[in-house]
$ cat final_22.cif   # mmCIF, C-alpha atoms
data_final
#
loop_
_atom_site.label_atom_id
_atom_site.label_comp_id
_atom_site.auth_asym_id
_atom_site.auth_seq_id
_atom_site.Cartn_x
_atom_site.Cartn_y
_atom_site.Cartn_z
CA GLN A 90 65.35 84.31 70.47
CA VAL A 91 65.84 88.02 71.18
CA GLN A 92 66.43 89.51 74.60
CA LEU A 93 65.51 93.14 75.20
CA VAL A 94 66.73 95.20 78.14
CA GLU A 95 65.45 98.72 78.74
CA SER A 96 67.27 101.38 80.73
CA GLY A 97 67.22 105.11 81.30
CA GLY A 98 64.01 105.49 83.25
CA GLY A 99 63.78 107.57 86.40
CA LEU A 100 62.16 110.50 88.16
CA VAL A 101 62.05 113.85 86.38
CA GLN A 102 60.17 117.10 86.82
CA ALA A 103 57.55 118.19 84.35
CA GLY A 104 59.18 119.85 81.36
CA GLY A 105 62.31 117.76 81.71
CA SER A 106 63.82 115.13 79.45
CA LEU A 107 64.86 111.50 79.59
CA ARG A 108 66.37 109.14 77.04
CA LEU A 109 65.39 105.51 77.21
CA SER A 110 67.53 102.82 75.67
CA CYS A 111 66.65 99.29 74.69
CA ALA A 112 69.54 96.95 74.04
CA ALA A 113 68.83 93.85 72.00
CA SER A 114 70.78 90.63 71.85
CA GLY A 115 70.23 87.62 69.72
CA ARG A 116 69.47 87.72 66.04
CA THR A 117 70.21 90.42 63.49
CA PHE A 118 68.86 93.59 65.08
CA SER A 119 68.60 95.51 61.84
CA ASN A 120 65.94 93.06 60.62
CA TYR A 121 63.54 93.96 63.41
CA ALA A 122 61.01 96.71 63.70
CA MET A 123 61.20 98.17 67.19
CA GLY A 124 58.38 99.69 69.19
CA TRP A 125 57.95 101.49 72.47
CA PHE A 126 54.82 101.03 74.56
CA ARG A 127 53.86 102.25 78.01
CA GLN A 128 51.50 101.23 80.77
CA ALA A 129 50.29 103.50 83.53
CA PRO A 130 48.76 102.10 86.74
CA GLY A 131 45.25 100.86 86.16
CA LYS A 132 45.45 101.41 82.41
CA GLU A 133 46.04 99.23 79.38
CA ARG A 134 49.40 99.13 77.68
CA GLU A 135 49.45 101.72 74.93
CA PHE A 136 51.51 102.38 71.86
CA VAL A 137 54.08 105.18 72.00
CA ALA A 138 56.30 104.95 68.91
CA VAL A 139 57.68 102.53 66.33
CA ILE A 140 60.61 102.48 63.96
CA SER A 141 60.65 100.08 61.05
CA TRP A 142 63.67 98.17 59.88
CA GLY A 143 65.31 99.04 56.61
CA VAL A 144 64.77 102.75 55.93
CA GLY A 145 63.66 103.23 59.51
CA SER A 146 60.38 105.03 59.04
CA THR A 147 58.75 106.17 62.28
CA TYR A 148 55.28 106.64 63.68
CA TYR A 149 54.12 108.20 66.95
CA ALA A 150 51.08 108.27 69.13
CA ASP A 151 49.34 111.64 68.96
CA SER A 152 49.96 112.16 72.67
CA VAL A 153 53.75 112.19 72.21
CA LYS A 154 54.12 113.55 68.70
CA GLY A 155 56.51 116.50 68.63
CA ARG A 156 57.92 115.66 72.07
CA PHE A 157 59.32 112.13 71.71
CA THR A 158 61.77 110.82 69.11
CA ILE A 159 62.49 107.18 68.39
CA SER A 160 65.77 106.23 66.76
CA ARG A 161 67.97 103.19 66.32
CA ASP A 162 71.65 102.40 66.10
CA ASN A 163 71.97 99.07 64.34
CA ALA A 164 75.71 98.92 65.03
CA LYS A 165 74.95 99.00 68.75
CA ASN A 166 71.79 96.85 68.56
CA THR A 167 69.98 99.59 70.42
CA VAL A 168 66.80 101.58 70.00
CA TYR A 169 66.28 104.87 71.80
CA LEU A 170 63.34 106.97 72.89
CA GLN A 171 64.24 110.59 73.49
CA MET A 172 61.51 112.14 75.61
CA ASN A 173 61.33 115.93 75.91
CA SER A 174 58.82 118.28 77.52
CA LEU A 175 57.67 115.50 79.79
CA LYS A 176 54.28 115.74 81.44
CA PRO A 177 52.89 114.01 84.53
CA GLU A 178 50.61 112.00 82.27
CA ASP A 179 53.70 110.44 80.69
CA THR A 180 54.28 108.57 83.96
CA ALA A 181 54.26 104.85 83.19
CA VAL A 182 56.36 101.75 82.79
CA TYR A 183 57.90 101.90 79.34
CA TYR A 184 58.47 98.72 77.35
CA CYS A 185 60.33 98.11 74.15
CA ALA A 186 59.27 95.40 71.77
CA ALA A 187 60.74 93.75 68.69
CA SER A 188 58.96 92.51 65.61
CA GLU A 189 60.52 90.15 63.09
CA ARG A 190 57.44 90.39 60.88
CA TYR A 191 57.43 92.56 57.79
CA TYR A 192 54.60 95.06 57.78
CA GLY A 193 56.20 97.66 55.57
CA SER A 194 55.76 101.18 56.88
CA ALA A 195 55.90 102.16 60.53
CA GLU A 196 52.26 103.21 60.36
CA ARG A 197 51.22 99.67 59.50
CA TYR A 198 52.94 98.41 62.64
CA TYR A 199 51.04 101.01 64.63
CA ARG A 200 47.68 100.03 63.12
CA SER A 201 48.34 96.34 63.86
CA GLY A 202 48.48 96.91 67.61
CA TYR A 203 50.37 94.36 69.68
CA SER A 204 50.20 91.55 67.14
CA PRO A 205 53.42 92.33 65.23
CA TYR A 206 55.62 92.02 68.30
CA ASP A 207 57.36 88.79 69.17
CA TYR A 208 59.62 89.93 72.00
CA TRP A 209 59.20 92.31 74.92
CA GLY A 210 61.53 93.83 77.48
CA GLN A 211 60.91 93.89 81.21
CA GLY A 212 60.12 97.61 81.29
CA THR A 213 61.61 100.71 82.87
CA GLN A 214 59.74 103.11 85.13
CA VAL A 215 59.35 106.75 84.14
CA THR A 216 57.86 109.10 86.72
CA VAL A 217 57.17 112.74 85.94
CA SER A 218 56.43 114.98 88.89
CA SER A 219 54.33 118.11 88.60
#
$ encode --input "final_22.cif" --output "structure tokens"
Amino acid sequence: QVQLVESGGGLVQAGGSLRLSCAASGRTFSNYAMGWFRQAPGKEREFVAVISWGVGSTYYADSVKGRFTISRDNAKNTVYLQMNSLKPEDTAVYYCAASERYYGSAERYYRSGYSPYDYWGQGTQVTVSS
């Protein structure tokens, strides 16, 4: 069993930055692919970014590409989402998720939707004011 706890959310003005963290406990963190998803009010949960295990390849949603960066520190069992140039449409609850399934590249995790992920955090609210 893996427990995931997100932190770092908050209120920020448009154009600002936040860094989300997701701390994992349980099994060997380095063997998990880690994803970030978000859900805005009245909308479905959507993919934001993923980082594979091993070489740590990454993949991003088009809406955040060039503004957000996902990274991991296996020694700290933590995955990060650095969010820059935030926009009001980035407002959502952000969730991290862990996958113990091997899909190879980060892009393959993205194209598999929610199905690779076995564990989810409780979410952290990000609000971007205009």
$ residues_near_point --input "final_22.cif" --point "(56.4, 121.3, 85.3)" --cutoff "12 Å" --atoms "all atoms listed in the file" --output "PyMOL selection string"
chain A and resi 101-106+173-178+217-219
$ write_last_selection --input "final_22.cif" --atoms "C-alpha atoms" --output "PDB file, keeping the file's coordinate frame"
ATOM      1  CA  VAL A 101      62.050 113.850  86.380  1.00  0.00           C
ATOM      2  CA  GLN A 102      60.170 117.100  86.820  1.00  0.00           C
ATOM      3  CA  ALA A 103      57.550 118.190  84.350  1.00  0.00           C
ATOM      4  CA  GLY A 104      59.180 119.850  81.360  1.00  0.00           C
ATOM      5  CA  GLY A 105      62.310 117.760  81.710  1.00  0.00           C
ATOM      6  CA  SER A 106      63.820 115.130  79.450  1.00  0.00           C
ATOM      7  CA  ASN A 173      61.330 115.930  75.910  1.00  0.00           C
ATOM      8  CA  SER A 174      58.820 118.280  77.520  1.00  0.00           C
ATOM      9  CA  LEU A 175      57.670 115.500  79.790  1.00  0.00           C
ATOM     10  CA  LYS A 176      54.280 115.740  81.440  1.00  0.00           C
ATOM     11  CA  PRO A 177      52.890 114.010  84.530  1.00  0.00           C
ATOM     12  CA  GLU A 178      50.610 112.000  82.270  1.00  0.00           C
ATOM     13  CA  VAL A 217      57.170 112.740  85.940  1.00  0.00           C
ATOM     14  CA  SER A 218      56.430 114.980  88.890  1.00  0.00           C
ATOM     15  CA  SER A 219      54.330 118.110  88.600  1.00  0.00           C
TER      16      SER A 219
END
$ resolve_selection --input "final_22.cif" --expression "the PyMOL selection byres ((chain A and resi 142-144) around 7)" --output "PyMOL selection string"
chain A and resi 119-122+140-141+145-146
$ atom_distance --input "final_22.cif" --atom1 "CA of Glu196 in chain A" --atom2 "CA of Gln92 in chain A"
24.3 Å
$ resolve_selection --input "final_22.cif" --expression "the PyMOL selection byres ((chain A and resi 199) around 10)" --output "VMD selection string"
chain A and resid 124 136 to 140 147 to 150 192 194 to 198 200 to 205
$ residues_around --input "final_22.cif" --residues "Leu109 in chain A" --least-positions-apart "4" --cutoff "10 Å" --atoms "only C-alpha atoms" --output "number ranges by chain"
A: 95-99, 125, 159, 168-172, 183-185, 213, 215
$ residues_near_point --input "final_22.cif" --point "(57.3, 91.1, 70.3)" --cutoff "7 Å" --atoms "all atoms listed in the file" --output "PyMOL selection string"
chain A and resi 186-188+205-209
$ closest_residue --input "final_22.cif" --among "A:Glu189, A:Val182, A:Cys111, A:Gln90" --to "Glu133 in chain A" --atoms "only C-alpha atoms"
A:Val182
$ atom_distance --input "final_22.cif" --atom1 "CA of Arg127 in chain A" --atom2 "CA of Lys154 in chain A"
14.6 Å
$ decode --input "final_22.cif" --residues "range 157-168 of chain A" --atoms "all heavy atoms" --output "mmCIF file, in the first residue's frame"
data_model
loop_
_atom_site.group_PDB
_atom_site.id
_atom_site.type_symbol
_atom_site.label_atom_id
_atom_site.label_comp_id
_atom_site.auth_asym_id
_atom_site.auth_seq_id
_atom_site.Cartn_x
_atom_site.Cartn_y
_atom_site.Cartn_z
ATOM 1 N N PHE A 157 4.657 24.306 -16.683
ATOM 2 C CA PHE A 157 4.754 23.404 -15.542
ATOM 3 C C PHE A 157 5.926 22.436 -15.750
ATOM 4 O O PHE A 157 6.223 22.045 -16.882
ATOM 5 C CB PHE A 157 3.482 22.575 -15.388
ATOM 6 C CG PHE A 157 2.262 23.341 -14.945
ATOM 7 C CD1 PHE A 157 2.241 24.728 -14.908
ATOM 8 C CD2 PHE A 157 1.126 22.646 -14.553
ATOM 9 C CE1 PHE A 157 1.108 25.420 -14.505
ATOM 10 C CE2 PHE A 157 -0.015 23.320 -14.148
ATOM 11 C CZ PHE A 157 -0.028 24.713 -14.126
ATOM 12 N N THR A 158 6.546 22.038 -14.638
ATOM 13 C CA THR A 158 7.627 21.063 -14.678
ATOM 14 C C THR A 158 7.410 20.032 -13.584
ATOM 15 O O THR A 158 7.258 20.394 -12.412
ATOM 16 C CB THR A 158 8.991 21.730 -14.481
ATOM 17 O OG1 THR A 158 9.192 22.727 -15.489
ATOM 18 C CG2 THR A 158 10.111 20.693 -14.583
ATOM 19 N N ILE A 159 7.406 18.767 -13.971
ATOM 20 C CA ILE A 159 7.308 17.688 -13.006
ATOM 21 C C ILE A 159 8.703 17.129 -12.769
ATOM 22 O O ILE A 159 9.511 17.014 -13.698
ATOM 23 C CB ILE A 159 6.340 16.577 -13.498
ATOM 24 C CG1 ILE A 159 6.095 15.541 -12.403
ATOM 25 C CG2 ILE A 159 6.838 15.929 -14.785
ATOM 26 C CD1 ILE A 159 4.987 14.549 -12.750
ATOM 27 N N SER A 160 8.983 16.816 -11.512
ATOM 28 C CA SER A 160 10.281 16.237 -11.174
ATOM 29 C C SER A 160 10.097 15.323 -9.970
ATOM 30 O O SER A 160 9.049 15.341 -9.318
ATOM 31 C CB SER A 160 11.307 17.330 -10.866
ATOM 32 O OG SER A 160 10.899 18.098 -9.751
ATOM 33 N N ARG A 161 11.112 14.536 -9.686
ATOM 34 C CA ARG A 161 11.027 13.626 -8.549
ATOM 35 C C ARG A 161 12.360 13.567 -7.833
ATOM 36 O O ARG A 161 13.414 13.711 -8.449
ATOM 37 C CB ARG A 161 10.583 12.233 -9.002
ATOM 38 C CG ARG A 161 11.568 11.502 -9.905
ATOM 39 C CD ARG A 161 10.927 10.238 -10.511
ATOM 40 N NE ARG A 161 10.490 9.322 -9.465
ATOM 41 C CZ ARG A 161 9.575 8.371 -9.659
ATOM 42 N NH1 ARG A 161 9.016 8.213 -10.841
ATOM 43 N NH2 ARG A 161 9.240 7.569 -8.671
ATOM 44 N N ASP A 162 12.281 13.346 -6.545
ATOM 45 C CA ASP A 162 13.459 13.123 -5.717
ATOM 46 C C ASP A 162 13.243 11.783 -5.035
ATOM 47 O O ASP A 162 12.522 11.688 -4.027
ATOM 48 C CB ASP A 162 13.617 14.253 -4.701
ATOM 49 C CG ASP A 162 14.898 14.144 -3.886
ATOM 50 O OD1 ASP A 162 15.435 13.029 -3.763
ATOM 51 O OD2 ASP A 162 15.352 15.164 -3.366
ATOM 52 N N ASN A 163 13.852 10.753 -5.570
ATOM 53 C CA ASN A 163 13.623 9.406 -5.037
ATOM 54 C C ASN A 163 14.176 9.254 -3.620
ATOM 55 O O ASN A 163 13.663 8.454 -2.834
ATOM 56 C CB ASN A 163 14.235 8.367 -5.974
ATOM 57 C CG ASN A 163 13.483 8.261 -7.283
ATOM 58 O OD1 ASN A 163 12.287 8.561 -7.362
ATOM 59 N ND2 ASN A 163 14.181 7.844 -8.326
ATOM 60 N N ALA A 164 15.195 10.008 -3.285
ATOM 61 C CA ALA A 164 15.747 9.931 -1.931
ATOM 62 C C ALA A 164 14.768 10.471 -0.893
ATOM 63 O O ALA A 164 14.787 10.058 0.268
ATOM 64 C CB ALA A 164 17.055 10.706 -1.858
ATOM 65 N N LYS A 165 13.906 11.387 -1.335
ATOM 66 C CA LYS A 165 12.920 11.985 -0.429
ATOM 67 C C LYS A 165 11.521 11.422 -0.642
ATOM 68 O O LYS A 165 10.562 11.887 -0.014
ATOM 69 C CB LYS A 165 12.889 13.505 -0.608
ATOM 70 C CG LYS A 165 14.180 14.197 -0.202
ATOM 71 C CD LYS A 165 14.058 15.704 -0.350
ATOM 72 C CE LYS A 165 15.334 16.387 0.122
ATOM 73 N NZ LYS A 165 15.246 17.868 -0.007
ATOM 74 N N ASN A 166 11.401 10.457 -1.559
ATOM 75 C CA ASN A 166 10.085 9.858 -1.860
ATOM 76 C C ASN A 166 9.055 10.925 -2.205
ATOM 77 O O ASN A 166 7.899 10.877 -1.764
ATOM 78 C CB ASN A 166 9.578 9.030 -0.675
ATOM 79 C CG ASN A 166 10.302 7.717 -0.529
ATOM 80 O OD1 ASN A 166 11.258 7.440 -1.260
ATOM 81 N ND2 ASN A 166 9.885 6.901 0.415
ATOM 82 N N THR A 167 9.471 11.889 -3.009
ATOM 83 C CA THR A 167 8.614 13.033 -3.296
ATOM 84 C C THR A 167 8.633 13.360 -4.780
ATOM 85 O O THR A 167 9.686 13.290 -5.430
ATOM 86 C CB THR A 167 9.067 14.253 -2.488
ATOM 87 O OG1 THR A 167 9.009 13.942 -1.091
ATOM 88 C CG2 THR A 167 8.161 15.454 -2.743
ATOM 89 N N VAL A 168 7.476 13.708 -5.288
ATOM 90 C CA VAL A 168 7.352 14.220 -6.647
ATOM 91 C C VAL A 168 6.854 15.663 -6.552
ATOM 92 O O VAL A 168 6.074 15.995 -5.659
ATOM 93 C CB VAL A 168 6.418 13.350 -7.508
ATOM 94 C CG1 VAL A 168 4.994 13.348 -6.965
ATOM 95 C CG2 VAL A 168 6.439 13.788 -8.966
#
